[in-house]
Amino acid sequence: MFGAGGGTSSYTEIEETDLIVLWGSNARNAHPIFFHHLMKGIDNGAKMFAVDPRRTSSAKFADVWMGLNLGSDVALANGLGREIIAAGLANEEFIAHSTQGFDAYKEAVEPYTLEFTSQLTGLPVDVIRELAHDYATAEKAQILWTLGITEHHNAVDNVLALCSLALLTGHIGKWGSGLVPLRGQNNVQGGGDMGALPNKLPGFQNIDDDAARGKFEETYGIDLNPKPGLHLTLMFEAMERGEIKAAYVLGENPADSEADIQHARKLLEGLDLLVVQDIFLTRTAEMADVVFPASVAWAESDGTVTSSERRVQRSRAAVPPPGEARHDIDILFALAERMGHDWGQPDPQQLWDELRTLSPMHQGMSWDRLEETGGLQWPCPSLDHPGSPFLHGWLWADDLEGRAPAPFVPVTHQGPQEELTDEFPLRLTTGRALDSYNTGVQSGGFSSPIRYGDALDMHRIDAERLGLADGDMAVVSSPRGSVEMRIRIDDSLVEGLTFTTFHFPDLVDANVLTNDAWDKKSGTAEFKAASIRVEPLAAARR
Amino acid sequence: MTTTTETAVTISVNGSDVSVAAGDTILDACTAAGVDTPTICYGPTLTPVNACRVCVVELEGSRTLVPSCSRPVEEGMVVQTETERVNHSRKMVLEFLGSGVDLSQAEEITGWMQQYGAQPERYDNPERMNEEVKIQDDLYVRDYDKCVLCYKCVEACGDDAQHTYAISVSGRGFGARIATEFDVSLPDSACVYCGNCVAVCPTNALQFKTEFDLRKMENWRPEDQSVTTTVCSYCGVGCNLELHTQDERIVKVTSPDDHSVTWGNLCIKGRFGWQYVHGDSDG
């Protein structure tokens, strides 16, 4: 956001903030140790609003649970923005000095009166007003989110709407305030930092920026394609058109994890060549022509990973890889050699130092400093730089450090792509359980006493109407397909809303149901909102 | 936890002046002065509960001995840690604990018992709990015979870290014990199996199942173990893990209690979700 691909704040800051807005995130389950820091903030007197259609285990710790209609996040954010402006609580000095595009934003949110926002979100007028006023008047406030914001067909709009609230109030670029997307995977931040994005070079340098690209071309003595590549969702579309005929998949299990999974599997099967590099023979690996057995990155090889607070930390080998498994970089080096390029002996530290010469924000992070400090937060441009606990302090500088003011980007409410119909009258959303992780490839390895498998959670009134009791089997259908699932009554849901995890694809193929409608700006599919129908198993078979 | 400020406070420990930050404790000052102090219920990340009384010191002007782990320093305090009174008190505390509780796997405590000449065997037929080890799952076991009721597990489960409040001390006197609500089984309680209680237990009353099984097979060999610090493979929080390995296998996972991300704490996935490294599967 505002030109940097990372969360603005350190975990420690939430312990000292005054207002916490946890939006579309069940951090207590999905980021339990971050939630420890959040609880310190609450113990220190912070007030918390939890914005989530479900009353999650995180929301139970909030002062106010805002159970909005699924997918009405933009409406709520715009309504909050309008109320802050209408009540005269916007930070006019900050807006004038540090931002641009306020007038257009003001105009765009004008229709979102408290009453209209209430209609769109299903929330009472009073609590919308309360959040708007509390957020605007807090000395320090943070908005935090996870996939409840980003796994929607209008994900980027959702994020922009939240960014506008921070610009409106100045809750950005200073200790204790900020915009914090919590990262769901241990090195998803690091992957992006290293340029594993279709339009970026390492250090978030744009591939179409001649100067940045030139540095890489000079270092490696090769011309680079200045055109941005394809993200995962576009890759699947290119497979469908027959333009992509081969795929090399490293440490990902798309044959279980993609939305509208049957369609995705068909496309993977249709490839001329599928190479998978993984620590397990995943469902994707089973479909592959060639499988490279890899080592476990965090326990069997040396390297770095980058966390949700932009902290680069060392990972270290504790045990040797089993059998023929090899380190990821060994495999890549060997492959390069077969293709006629001798890269020498793979050495993680040497590769890291190579990166530091090309990525300014990592320049000051020597291997020794990473060892000594227990991790440094980017940007860290020189060896005497302490690293950056929070981002965007420049917004408060007299000259904005020579940068352009941060832009308001107005967005409008759309709601979920898939509407409710008589045929598919219930909402389905998805999420993580505390003791499991993604498609269960790793977390399936230990036996958890609190694991109950993938059930369809629903409100008791919906269940009664359908003649279902807790534990009954049902057929669950979306416009894309049907699966059999066990029903679990869950009173943290509201009527009309159902929920499932997706950790046990061998037992329940939950992603048969999910919608692959995706955001044109981010490439993320709408895992969080599908329309479904539920029927008792016996009735469906008649 | 104590909050520290820039202001320095100077006190005397065993005749030497030592300066620490305002808000620090006498224990912090002793440590700064290079004086070793036995502690059981104290933890660097936990709020002091003053349960064990083994860290007591003599404070000039105080009628009774004071627990050093919880008493904040005040300018000009004069503290003695090696007097007959202090040594005698520490010895008695260790003897009482040792007579009623199985401290065979509490290496640090048994070290202090030797240092202070504690002889728990001089008490005849002490009452003991004599309970079977509770084994409910594959993650950790509970051995009440080893519990000294230091409260550390309760603190870690509650306000000091996890905010789950699955356990507390129930009962009084000798019947006092750590219990879940209404003594229900762990999976039926609020427990989320983070294992943060196990991590702070000073006596192995709470013990990882992997360690318990290896001990049973007489194959738990700390002298052959090494510890490697790395980063957890699950969510993006970036928790540091200490992998304890023996014979090229992970046997236990802890987290450094001085790291700003975890302060020693982990969740169920980070602490227990490592079996896949060795190809073990629950199916």
# chains A, B, ... in the order shown; residues from 1 in each chain; ligands from 1
>>> closest_atom_pairs(of="chain B", to="chain A", cutoff="8 Å", atoms="only C-alpha atoms", output="CSV")
residue,atom,partner,partner_atom,distance
B:Asp137,CA,A:Pro449,CA,6.5
B:Asp138,CA,A:Ser447,CA,6.8
B:Leu139,CA,A:Ser448,CA,7.7
B:Ala161,CA,A:His36,CA,6.0
B:Gln162,CA,A:His36,CA,6.3
B:His163,CA,A:Met39,CA,7.6
B:Pro187,CA,A:Pro449,CA,6.0
B:Val192,CA,A:Ile450,CA,7.4
B:Val227,CA,A:Ala318,CA,7.7
B:Thr228,CA,A:Ala318,CA,5.6
B:Thr229,CA,A:Arg316,CA,6.6
B:Thr230,CA,A:Ser315,CA,4.3
B:Val231,CA,A:Ser315,CA,5.4
B:Cys232,CA,A:Trp298,CA,6.9
B:Ser233,CA,A:Asn186,CA,5.4
B:Tyr234,CA,A:Asn186,CA,5.4
B:Cys235,CA,A:Gln185,CA,4.3
B:Gly236,CA,A:Asn186,CA,3.9
B:Val237,CA,A:Ser308,CA,5.4
B:Gly238,CA,A:Ser307,CA,4.8
B:Cys239,CA,A:Ile33,CA,7.6
B:Leu243,CA,A:Ala318,CA,6.9
B:Thr245,CA,A:Ala318,CA,7.2
B:Glu248,CA,A:Val319,CA,5.3
B:Arg249,CA,A:Val319,CA,6.7
B:Ile250,CA,A:Val319,CA,7.8
B:His259,CA,A:Gly374,CA,7.4
B:Ser260,CA,A:Thr12,CA,7.8
B:Val261,CA,A:Tyr11,CA,7.3
B:Thr262,CA,A:Ile33,CA,6.4
B:Asn265,CA,A:Ile33,CA,7.2
B:Leu266,CA,A:Ile33,CA,6.3
B:Cys267,CA,A:Pro32,CA,6.1
B:Ile268,CA,A:Asp435,CA,6.0
B:Lys269,CA,A:Asp435,CA,5.8
B:Phe272,CA,A:Phe446,CA,7.0
B:Gly273,CA,A:Phe446,CA,5.7
B:Trp274,CA,A:Gly445,CA,7.4
B:Gln275,CA,A:Gly445,CA,5.4
B:Tyr276,CA,A:Gly445,CA,4.8
B:Val277,CA,A:Val296,CA,6.6
B:His278,CA,A:Pro322,CA,7.8
B:Gly279,CA,A:Gly445,CA,7.7
B:Asp280,CA,A:Gly445,CA,5.8
B:Ser281,CA,A:Gly445,CA,4.1
B:Asp282,CA,A:Gly445,CA,5.1
B:Gly283,CA,A:Gly444,CA,6.8
>>> write_last_selection(atoms="N, CA and C atoms", output="CSV table (one decimal), in the first residue's frame")
chain,number,residue,atom,x,y,z
B,137,ASP,N,-3.7,-38.0,25.2
B,137,ASP,CA,-3.5,-37.8,23.8
B,137,ASP,C,-2.0,-37.9,23.4
B,138,ASP,N,-1.7,-37.6,22.2
B,138,ASP,CA,-0.3,-37.8,21.8
B,138,ASP,C,0.6,-36.5,22.0
B,139,LEU,N,0.0,-35.5,22.6
B,139,LEU,CA,0.7,-34.2,22.6
B,139,LEU,C,1.5,-34.0,24.0
B,161,ALA,N,-0.2,-14.9,28.9
B,161,ALA,CA,0.2,-15.2,27.5
B,161,ALA,C,-1.0,-15.6,26.7
B,162,GLN,N,-1.6,-16.7,27.1
B,162,GLN,CA,-2.6,-17.4,26.1
B,162,GLN,C,-4.0,-16.8,26.2
B,163,HIS,N,-4.4,-16.3,27.4
B,163,HIS,CA,-5.8,-15.8,27.6
B,163,HIS,C,-6.8,-16.9,27.2
B,187,PRO,N,-9.7,-32.3,26.2
B,187,PRO,CA,-10.4,-31.9,24.9
B,187,PRO,C,-11.7,-31.3,25.1
B,192,VAL,N,-6.5,-25.3,24.2
B,192,VAL,CA,-6.3,-25.2,22.8
B,192,VAL,C,-5.0,-25.9,22.4
B,227,VAL,N,20.2,-28.2,19.9
B,227,VAL,CA,19.1,-27.3,19.8
B,227,VAL,C,19.4,-26.4,18.6
B,228,THR,N,18.5,-26.3,17.7
B,228,THR,CA,18.7,-25.4,16.5
B,228,THR,C,17.5,-24.4,16.5
B,229,THR,N,17.8,-23.1,16.4
B,229,THR,CA,16.7,-22.1,16.3
B,229,THR,C,16.4,-21.8,14.8
B,230,THR,N,15.1,-21.9,14.5
B,230,THR,CA,14.7,-21.7,13.1
B,230,THR,C,13.3,-21.0,13.2
B,231,VAL,N,12.6,-20.9,12.1
B,231,VAL,CA,11.3,-20.2,12.0
B,231,VAL,C,10.2,-21.2,11.7
B,232,CYS,N,9.1,-21.1,12.3
B,232,CYS,CA,8.0,-22.0,12.1
B,232,CYS,C,7.5,-21.9,10.7
B,233,SER,N,6.9,-23.1,10.2
B,233,SER,CA,6.6,-23.2,8.8
B,233,SER,C,5.1,-22.9,8.6
B,234,TYR,N,4.3,-22.6,9.6
B,234,TYR,CA,2.9,-22.4,9.3
B,234,TYR,C,2.5,-20.9,9.0
B,235,CYS,N,1.8,-20.2,9.8
B,235,CYS,CA,1.3,-18.9,9.4
B,235,CYS,C,2.5,-17.9,9.3
B,236,GLY,N,2.1,-16.6,8.9
B,236,GLY,CA,3.2,-15.7,8.6
B,236,GLY,C,3.7,-14.8,9.8
B,237,VAL,N,3.4,-15.3,11.1
B,237,VAL,CA,3.8,-14.5,12.2
B,237,VAL,C,5.3,-14.5,12.4
B,238,GLY,N,5.9,-15.6,12.0
B,238,GLY,CA,7.4,-15.7,12.1
B,238,GLY,C,7.9,-16.1,13.5
B,239,CYS,N,7.3,-17.1,14.2
B,239,CYS,CA,7.7,-17.5,15.5
B,239,CYS,C,9.0,-18.3,15.4
B,243,LEU,N,14.4,-26.3,17.8
B,243,LEU,CA,14.2,-27.7,17.6
B,243,LEU,C,15.2,-28.5,18.4
B,245,THR,N,16.8,-31.9,18.9
B,245,THR,CA,17.0,-33.1,18.1
B,245,THR,C,17.9,-34.1,18.8
B,248,GLU,N,19.1,-37.4,15.0
B,248,GLU,CA,18.6,-36.8,13.7
B,248,GLU,C,17.1,-36.7,13.7
B,249,ARG,N,16.4,-36.7,14.8
B,249,ARG,CA,15.0,-36.6,14.8
B,249,ARG,C,14.6,-35.5,15.8
B,250,ILE,N,13.5,-34.7,15.5
B,250,ILE,CA,13.0,-33.7,16.4
B,250,ILE,C,12.3,-34.5,17.6
B,259,HIS,N,12.7,-13.6,22.8
B,259,HIS,CA,12.5,-13.1,21.4
B,259,HIS,C,11.2,-12.3,21.3
B,260,SER,N,11.2,-11.2,20.7
B,260,SER,CA,10.1,-10.2,20.8
B,260,SER,C,8.9,-10.7,20.0
B,261,VAL,N,9.0,-11.7,19.2
B,261,VAL,CA,7.8,-12.2,18.5
B,261,VAL,C,7.0,-13.2,19.4
B,262,THR,N,7.7,-14.1,20.1
B,262,THR,CA,6.9,-15.2,20.8
B,262,THR,C,7.0,-15.1,22.3
B,265,ASN,N,6.3,-18.4,23.7
B,265,ASN,CA,5.1,-19.0,23.5
B,265,ASN,C,4.9,-19.5,22.1
B,266,LEU,N,4.1,-20.5,21.9
B,266,LEU,CA,3.8,-21.1,20.5
B,266,LEU,C,2.3,-21.5,20.5
B,267,CYS,N,1.8,-21.8,19.3
B,267,CYS,CA,0.5,-22.4,19.2
B,267,CYS,C,0.6,-23.9,18.9
B,268,ILE,N,-0.5,-24.6,18.8
B,268,ILE,CA,-0.5,-26.0,18.7
B,268,ILE,C,0.2,-26.4,17.4
B,269,LYS,N,0.1,-25.7,16.3
B,269,LYS,CA,0.8,-26.1,15.1
B,269,LYS,C,2.3,-25.9,15.2
B,272,PHE,N,3.6,-28.6,18.0
B,272,PHE,CA,3.3,-30.0,17.8
B,272,PHE,C,3.3,-30.4,16.4
B,273,GLY,N,3.2,-29.5,15.4
B,273,GLY,CA,2.9,-29.8,14.0
B,273,GLY,C,4.2,-30.1,13.2
B,274,TRP,N,5.2,-30.8,13.8
B,274,TRP,CA,6.5,-31.0,13.1
B,274,TRP,C,6.6,-32.4,12.6
B,275,GLN,N,5.7,-33.3,12.9
B,275,GLN,CA,5.9,-34.7,12.6
B,275,GLN,C,6.1,-35.0,11.1
B,276,TYR,N,5.5,-34.1,10.3
B,276,TYR,CA,5.6,-34.3,8.8
B,276,TYR,C,7.1,-34.2,8.3
B,277,VAL,N,7.9,-33.6,9.1
B,277,VAL,CA,9.3,-33.5,8.7
B,277,VAL,C,9.9,-34.9,8.6
B,278,HIS,N,9.5,-35.8,9.5
B,278,HIS,CA,10.0,-37.2,9.5
B,278,HIS,C,9.1,-38.1,8.7
B,279,GLY,N,8.2,-37.5,8.0
B,279,GLY,CA,7.3,-38.4,7.1
B,279,GLY,C,6.2,-39.1,7.9
B,280,ASP,N,6.1,-38.8,9.2
B,280,ASP,CA,5.0,-39.5,10.0
B,280,ASP,C,3.7,-38.8,9.6
B,281,SER,N,2.7,-39.6,9.6
B,281,SER,CA,1.4,-39.1,9.2
B,281,SER,C,0.3,-39.7,10.1
B,282,ASP,N,-0.6,-38.8,10.4
B,282,ASP,CA,-1.8,-39.3,11.2
B,282,ASP,C,-2.8,-39.9,10.3
B,283,GLY,N,-2.6,-39.7,9.0
B,283,GLY,CA,-3.5,-40.3,8.0
B,283,GLY,C,-4.6,-39.5,7.6
>>> residues_around(residues="Glu92 (chain A)", least_positions_apart="3", cutoff="12 Å", atoms="only C-alpha atoms", output="list in words")
Ile84, Ile85, Gly88, Leu89, Ile95, Ala96, His97, Ser98, Thr99, Gln100, Phe102, Asp103, Ala136, Leu167, Leu168, Thr169 and Gly170 of chain A
>>> write_last_selection(atoms="C-alpha atoms", output="short mmCIF file (atom, residue, chain, number, x, y, z; two decimals), in the first residue's frame")
data_model
loop_
_atom_site.label_atom_id
_atom_site.label_comp_id
_atom_site.auth_asym_id
_atom_site.auth_seq_id
_atom_site.Cartn_x
_atom_site.Cartn_y
_atom_site.Cartn_z
CA ILE A 84 -16.22 10.79 9.91
CA ILE A 85 -16.42 13.61 7.36
CA GLY A 88 -16.28 17.00 11.29
CA LEU A 89 -13.83 14.42 12.64
CA ILE A 95 -5.46 15.42 4.49
CA ALA A 96 -4.26 18.76 3.12
CA HIS A 97 -0.58 18.06 3.71
CA SER A 98 -0.15 14.37 3.04
CA THR A 99 -2.90 13.17 0.72
CA GLN A 100 -4.47 13.83 -2.65
CA PHE A 102 -9.89 13.88 -1.06
CA ASP A 103 -12.66 15.75 -2.90
CA ALA A 136 -11.52 9.12 14.18
CA LEU A 167 -5.73 8.67 5.28
CA LEU A 168 -8.89 10.37 6.46
CA THR A 169 -7.77 10.22 10.10
CA GLY A 170 -3.96 10.18 9.89
#
>>> closest_atom_pairs(of="region 58-177 of chain A", to="region 45-51 of chain A", cutoff="7 Å", atoms="only C-alpha atoms", output="JSON lines")
{"residue": "A:Ala59", "atom": "CA", "partner": "A:Ala50", "partner_atom": "CA", "distance": 5.1}
{"residue": "A:Ala62", "atom": "CA", "partner": "A:Met48", "partner_atom": "CA", "distance": 4.8}
{"residue": "A:Asp63", "atom": "CA", "partner": "A:Met48", "partner_atom": "CA", "distance": 5.4}
{"residue": "A:Val64", "atom": "CA", "partner": "A:Phe49", "partner_atom": "CA", "distance": 4.9}
{"residue": "A:Trp65", "atom": "CA", "partner": "A:Ala50", "partner_atom": "CA", "distance": 4.9}
{"residue": "A:Met66", "atom": "CA", "partner": "A:Val51", "partner_atom": "CA", "distance": 4.7}
{"residue": "A:Gly67", "atom": "CA", "partner": "A:Val51", "partner_atom": "CA", "distance": 6.2}
{"residue": "A:Leu68", "atom": "CA", "partner": "A:Val51", "partner_atom": "CA", "distance": 6.9}
>>> write_last_selection(atoms="N, CA and C atoms", output="PDB file, in the first residue's frame")
ATOM      1  N   ALA A  59     -13.513 -12.549  17.692  1.00  0.00           N
ATOM      2  CA  ALA A  59     -14.566 -11.553  17.922  1.00  0.00           C
ATOM      3  C   ALA A  59     -15.079 -11.625  19.355  1.00  0.00           C
ATOM      4  N   ALA A  62     -13.738  -9.028  21.553  1.00  0.00           N
ATOM      5  CA  ALA A  62     -13.944  -7.629  21.162  1.00  0.00           C
ATOM      6  C   ALA A  62     -14.955  -6.948  22.071  1.00  0.00           C
ATOM      7  N   ASP A  63     -14.841  -5.621  22.192  1.00  0.00           N
ATOM      8  CA  ASP A  63     -15.873  -4.850  22.877  1.00  0.00           C
ATOM      9  C   ASP A  63     -17.135  -4.835  22.036  1.00  0.00           C
ATOM     10  N   VAL A  64     -16.956  -4.745  20.714  1.00  0.00           N
ATOM     11  CA  VAL A  64     -18.114  -4.715  19.813  1.00  0.00           C
ATOM     12  C   VAL A  64     -17.868  -5.687  18.657  1.00  0.00           C
ATOM     13  N   TRP A  65     -18.785  -6.628  18.476  1.00  0.00           N
ATOM     14  CA  TRP A  65     -18.737  -7.498  17.297  1.00  0.00           C
ATOM     15  C   TRP A  65     -19.651  -6.899  16.241  1.00  0.00           C
ATOM     16  N   MET A  66     -19.109  -6.615  15.069  1.00  0.00           N
ATOM     17  CA  MET A  66     -19.920  -6.059  13.994  1.00  0.00           C
ATOM     18  C   MET A  66     -20.141  -7.145  12.948  1.00  0.00           C
ATOM     19  N   GLY A  67     -21.244  -7.853  13.084  1.00  0.00           N
ATOM     20  CA  GLY A  67     -21.545  -8.988  12.200  1.00  0.00           C
ATOM     21  C   GLY A  67     -22.203  -8.543  10.910  1.00  0.00           C
ATOM     22  N   LEU A  68     -21.407  -7.996  10.038  1.00  0.00           N
ATOM     23  CA  LEU A  68     -21.971  -7.429   8.803  1.00  0.00           C
ATOM     24  C   LEU A  68     -22.331  -8.522   7.795  1.00  0.00           C
TER      25      LEU A  68
END
>>> select_by_dssp(residues="region 173-362 of chain A", states="strand (DSSP E)", output="PyMOL selection string")
chain A and resi 178-181+200-201+205-206+246-250+273-278+290-293+303-306+311-315
>>> write_last_selection(atoms="C-alpha atoms", output="mmCIF file, in the first residue's frame")
data_model
loop_
_atom_site.group_PDB
_atom_site.id
_atom_site.type_symbol
_atom_site.label_atom_id
_atom_site.label_comp_id
_atom_site.auth_asym_id
_atom_site.auth_seq_id
_atom_site.Cartn_x
_atom_site.Cartn_y
_atom_site.Cartn_z
ATOM 1 C CA GLY A 178 -1.356 1.599 10.960
ATOM 2 C CA LEU A 179 -2.790 -0.737 8.365
ATOM 3 C CA VAL A 180 -1.862 -4.325 9.014
ATOM 4 C CA PRO A 181 -2.552 -7.226 6.651
ATOM 5 C CA LYS A 200 8.146 -7.189 -9.638
ATOM 6 C CA LEU A 201 11.852 -7.749 -9.298
ATOM 7 C CA GLN A 205 11.269 -2.972 -8.003
ATOM 8 C CA ASN A 206 9.033 -2.808 -11.059
ATOM 9 C CA ALA A 246 4.028 -26.662 -19.089
ATOM 10 C CA ALA A 247 4.145 -25.819 -15.382
ATOM 11 C CA TYR A 248 6.878 -26.125 -12.736
ATOM 12 C CA VAL A 249 5.179 -26.085 -9.343
ATOM 13 C CA LEU A 250 7.334 -25.540 -6.233
ATOM 14 C CA LEU A 273 4.474 -31.202 -18.933
ATOM 15 C CA LEU A 274 3.901 -30.868 -15.197
ATOM 16 C CA VAL A 275 6.943 -30.732 -12.886
ATOM 17 C CA VAL A 276 6.383 -30.664 -9.126
ATOM 18 C CA GLN A 277 9.020 -29.952 -6.482
ATOM 19 C CA ASP A 278 7.654 -30.756 -3.034
ATOM 20 C CA VAL A 290 8.445 -35.368 -13.016
ATOM 21 C CA VAL A 291 8.652 -35.006 -9.232
ATOM 22 C CA PHE A 292 11.698 -33.518 -7.496
ATOM 23 C CA PRO A 293 11.706 -34.524 -3.824
ATOM 24 C CA GLY A 303 18.087 -19.593 4.538
ATOM 25 C CA THR A 304 15.860 -16.687 5.471
ATOM 26 C CA VAL A 305 12.119 -16.133 5.782
ATOM 27 C CA THR A 306 10.252 -12.859 6.194
ATOM 28 C CA ARG A 311 11.136 -9.097 9.748
ATOM 29 C CA VAL A 312 13.767 -11.114 7.913
ATOM 30 C CA GLN A 313 14.846 -14.027 10.125
ATOM 31 C CA ARG A 314 17.275 -16.888 9.683
ATOM 32 C CA SER A 315 15.988 -20.425 9.279
#
>>> residues_around(residues="Leu120 (chain A)", least_positions_apart="3", cutoff="12 Å", atoms="only C-alpha atoms", output="ChimeraX atom specification")
/A:68-79,111-117,123-125,128,412-415
>>> write_last_selection(atoms="N, CA and C atoms", output="mmCIF file, in the first residue's frame")
data_model
loop_
_atom_site.group_PDB
_atom_site.id
_atom_site.type_symbol
_atom_site.label_atom_id
_atom_site.label_comp_id
_atom_site.auth_asym_id
_atom_site.auth_seq_id
_atom_site.Cartn_x
_atom_site.Cartn_y
_atom_site.Cartn_z
ATOM 1 N N LEU A 68 -21.407 -7.996 10.038
ATOM 2 C CA LEU A 68 -21.971 -7.429 8.803
ATOM 3 C C LEU A 68 -22.331 -8.522 7.795
ATOM 4 N N ASN A 69 -23.155 -8.159 6.816
ATOM 5 C CA ASN A 69 -23.493 -9.091 5.748
ATOM 6 C C ASN A 69 -22.225 -9.460 4.981
ATOM 7 N N LEU A 70 -22.114 -10.724 4.612
ATOM 8 C CA LEU A 70 -20.937 -11.199 3.886
ATOM 9 C C LEU A 70 -20.711 -10.347 2.632
ATOM 10 N N GLY A 71 -19.510 -9.801 2.505
ATOM 11 C CA GLY A 71 -19.154 -9.060 1.287
ATOM 12 C C GLY A 71 -19.610 -7.610 1.263
ATOM 13 N N SER A 72 -20.050 -7.073 2.419
ATOM 14 C CA SER A 72 -20.488 -5.668 2.438
ATOM 15 C C SER A 72 -19.426 -4.756 3.053
ATOM 16 N N ASP A 73 -18.162 -5.185 2.957
ATOM 17 C CA ASP A 73 -17.070 -4.461 3.605
ATOM 18 C C ASP A 73 -16.872 -3.057 3.042
ATOM 19 N N VAL A 74 -16.937 -2.924 1.710
ATOM 20 C CA VAL A 74 -16.748 -1.599 1.110
ATOM 21 C C VAL A 74 -17.850 -0.657 1.588
ATOM 22 N N ALA A 75 -19.072 -1.182 1.641
ATOM 23 C CA ALA A 75 -20.189 -0.348 2.097
ATOM 24 C C ALA A 75 -19.924 0.171 3.511
ATOM 25 N N LEU A 76 -19.464 -0.709 4.381
ATOM 26 C CA LEU A 76 -19.205 -0.277 5.758
ATOM 27 C C LEU A 76 -18.075 0.754 5.794
ATOM 28 N N ALA A 77 -16.981 0.470 5.079
ATOM 29 C CA ALA A 77 -15.846 1.401 5.104
ATOM 30 C C ALA A 77 -16.264 2.763 4.561
ATOM 31 N N ASN A 78 -17.008 2.770 3.469
ATOM 32 C CA ASN A 78 -17.468 4.037 2.912
ATOM 33 C C ASN A 78 -18.406 4.761 3.871
ATOM 34 N N GLY A 79 -19.260 3.992 4.538
ATOM 35 C CA GLY A 79 -20.174 4.582 5.511
ATOM 36 C C GLY A 79 -19.420 5.204 6.675
ATOM 37 N N PRO A 111 -23.104 9.161 -0.763
ATOM 38 C CA PRO A 111 -24.372 8.405 -0.671
ATOM 39 C C PRO A 111 -24.448 7.458 0.534
ATOM 40 N N TYR A 112 -23.299 7.116 1.144
ATOM 41 C CA TYR A 112 -23.299 6.085 2.189
ATOM 42 C C TYR A 112 -23.646 6.682 3.549
ATOM 43 N N THR A 113 -24.864 7.187 3.647
ATOM 44 C CA THR A 113 -25.344 7.696 4.941
ATOM 45 C C THR A 113 -25.404 6.545 5.930
ATOM 46 N N LEU A 114 -25.527 6.874 7.211
ATOM 47 C CA LEU A 114 -25.623 5.828 8.223
ATOM 48 C C LEU A 114 -26.770 4.873 7.904
ATOM 49 N N GLU A 115 -27.898 5.448 7.450
ATOM 50 C CA GLU A 115 -29.074 4.617 7.180
ATOM 51 C C GLU A 115 -28.824 3.688 5.988
ATOM 52 N N PHE A 116 -28.249 4.247 4.916
ATOM 53 C CA PHE A 116 -27.995 3.449 3.726
ATOM 54 C C PHE A 116 -26.941 2.367 4.030
ATOM 55 N N THR A 117 -25.903 2.741 4.777
ATOM 56 C CA THR A 117 -24.866 1.774 5.155
ATOM 57 C C THR A 117 -25.474 0.665 6.005
ATOM 58 N N LEU A 123 -26.035 -3.824 9.697
ATOM 59 C CA LEU A 123 -25.591 -3.403 11.029
ATOM 60 C C LEU A 123 -26.444 -2.246 11.537
ATOM 61 N N PRO A 124 -26.657 -2.170 12.848
ATOM 62 C CA PRO A 124 -27.411 -1.040 13.392
ATOM 63 C C PRO A 124 -26.654 0.280 13.176
ATOM 64 N N VAL A 125 -27.408 1.339 12.956
ATOM 65 C CA VAL A 125 -26.841 2.676 12.762
ATOM 66 C C VAL A 125 -25.906 3.053 13.912
ATOM 67 N N ILE A 128 -22.346 1.600 13.788
ATOM 68 C CA ILE A 128 -21.550 2.177 12.693
ATOM 69 C C ILE A 128 -21.037 3.541 13.139
ATOM 70 N N THR A 412 -16.653 1.644 -4.899
ATOM 71 C CA THR A 412 -18.085 1.520 -4.623
ATOM 72 C C THR A 412 -18.441 0.100 -4.198
ATOM 73 N N HIS A 413 -19.513 -0.004 -3.443
ATOM 74 C CA HIS A 413 -19.999 -1.293 -2.940
ATOM 75 C C HIS A 413 -20.503 -2.170 -4.086
ATOM 76 N N GLN A 414 -20.075 -3.423 -4.100
ATOM 77 C CA GLN A 414 -20.579 -4.364 -5.109
ATOM 78 C C GLN A 414 -21.250 -5.581 -4.500
ATOM 79 N N GLY A 415 -20.769 -6.040 -3.343
ATOM 80 C CA GLY A 415 -21.303 -7.273 -2.761
ATOM 81 C C GLY A 415 -20.699 -8.482 -3.446
#
>>> residues_around(residues="Asp18 (chain A)", least_positions_apart="4", cutoff="10 Å", atoms="only C-alpha atoms", output="PyMOL selection string")
chain A and resi 14+41-42+44-48+134-135+138-142+176-177
>>> write_last_selection(atoms="C-alpha atoms", output="short mmCIF file (atom, residue, chain, number, x, y, z; two decimals), in the first residue's frame")
data_model
loop_
_atom_site.label_atom_id
_atom_site.label_comp_id
_atom_site.auth_asym_id
_atom_site.auth_seq_id
_atom_site.Cartn_x
_atom_site.Cartn_y
_atom_site.Cartn_z
CA ILE A 14 -0.60 -3.17 18.94
CA GLY A 41 -3.13 -4.29 23.85
CA ILE A 42 -6.59 -5.08 25.22
CA ASN A 44 -3.47 -2.27 28.41
CA GLY A 45 -6.87 -0.68 27.77
CA ALA A 46 -7.38 -0.72 24.00
CA LYS A 47 -10.94 -1.03 22.72
CA MET A 48 -11.53 -3.61 19.99
CA ASP A 134 -14.02 5.99 18.04
CA TYR A 135 -11.68 5.45 15.10
CA ALA A 138 -8.52 7.65 18.97
CA GLU A 139 -4.98 8.86 19.47
CA LYS A 140 -3.58 5.64 18.01
CA ALA A 141 -5.63 3.17 15.97
CA GLN A 142 -4.89 0.14 13.84
CA GLY A 176 0.89 2.49 17.28
CA SER A 177 -1.25 3.39 14.28
#
>>> atom_distance(atom1="CA of Gly264 (chain B)", atom2="CA of Tyr165 (chain B)")
17.9 Å
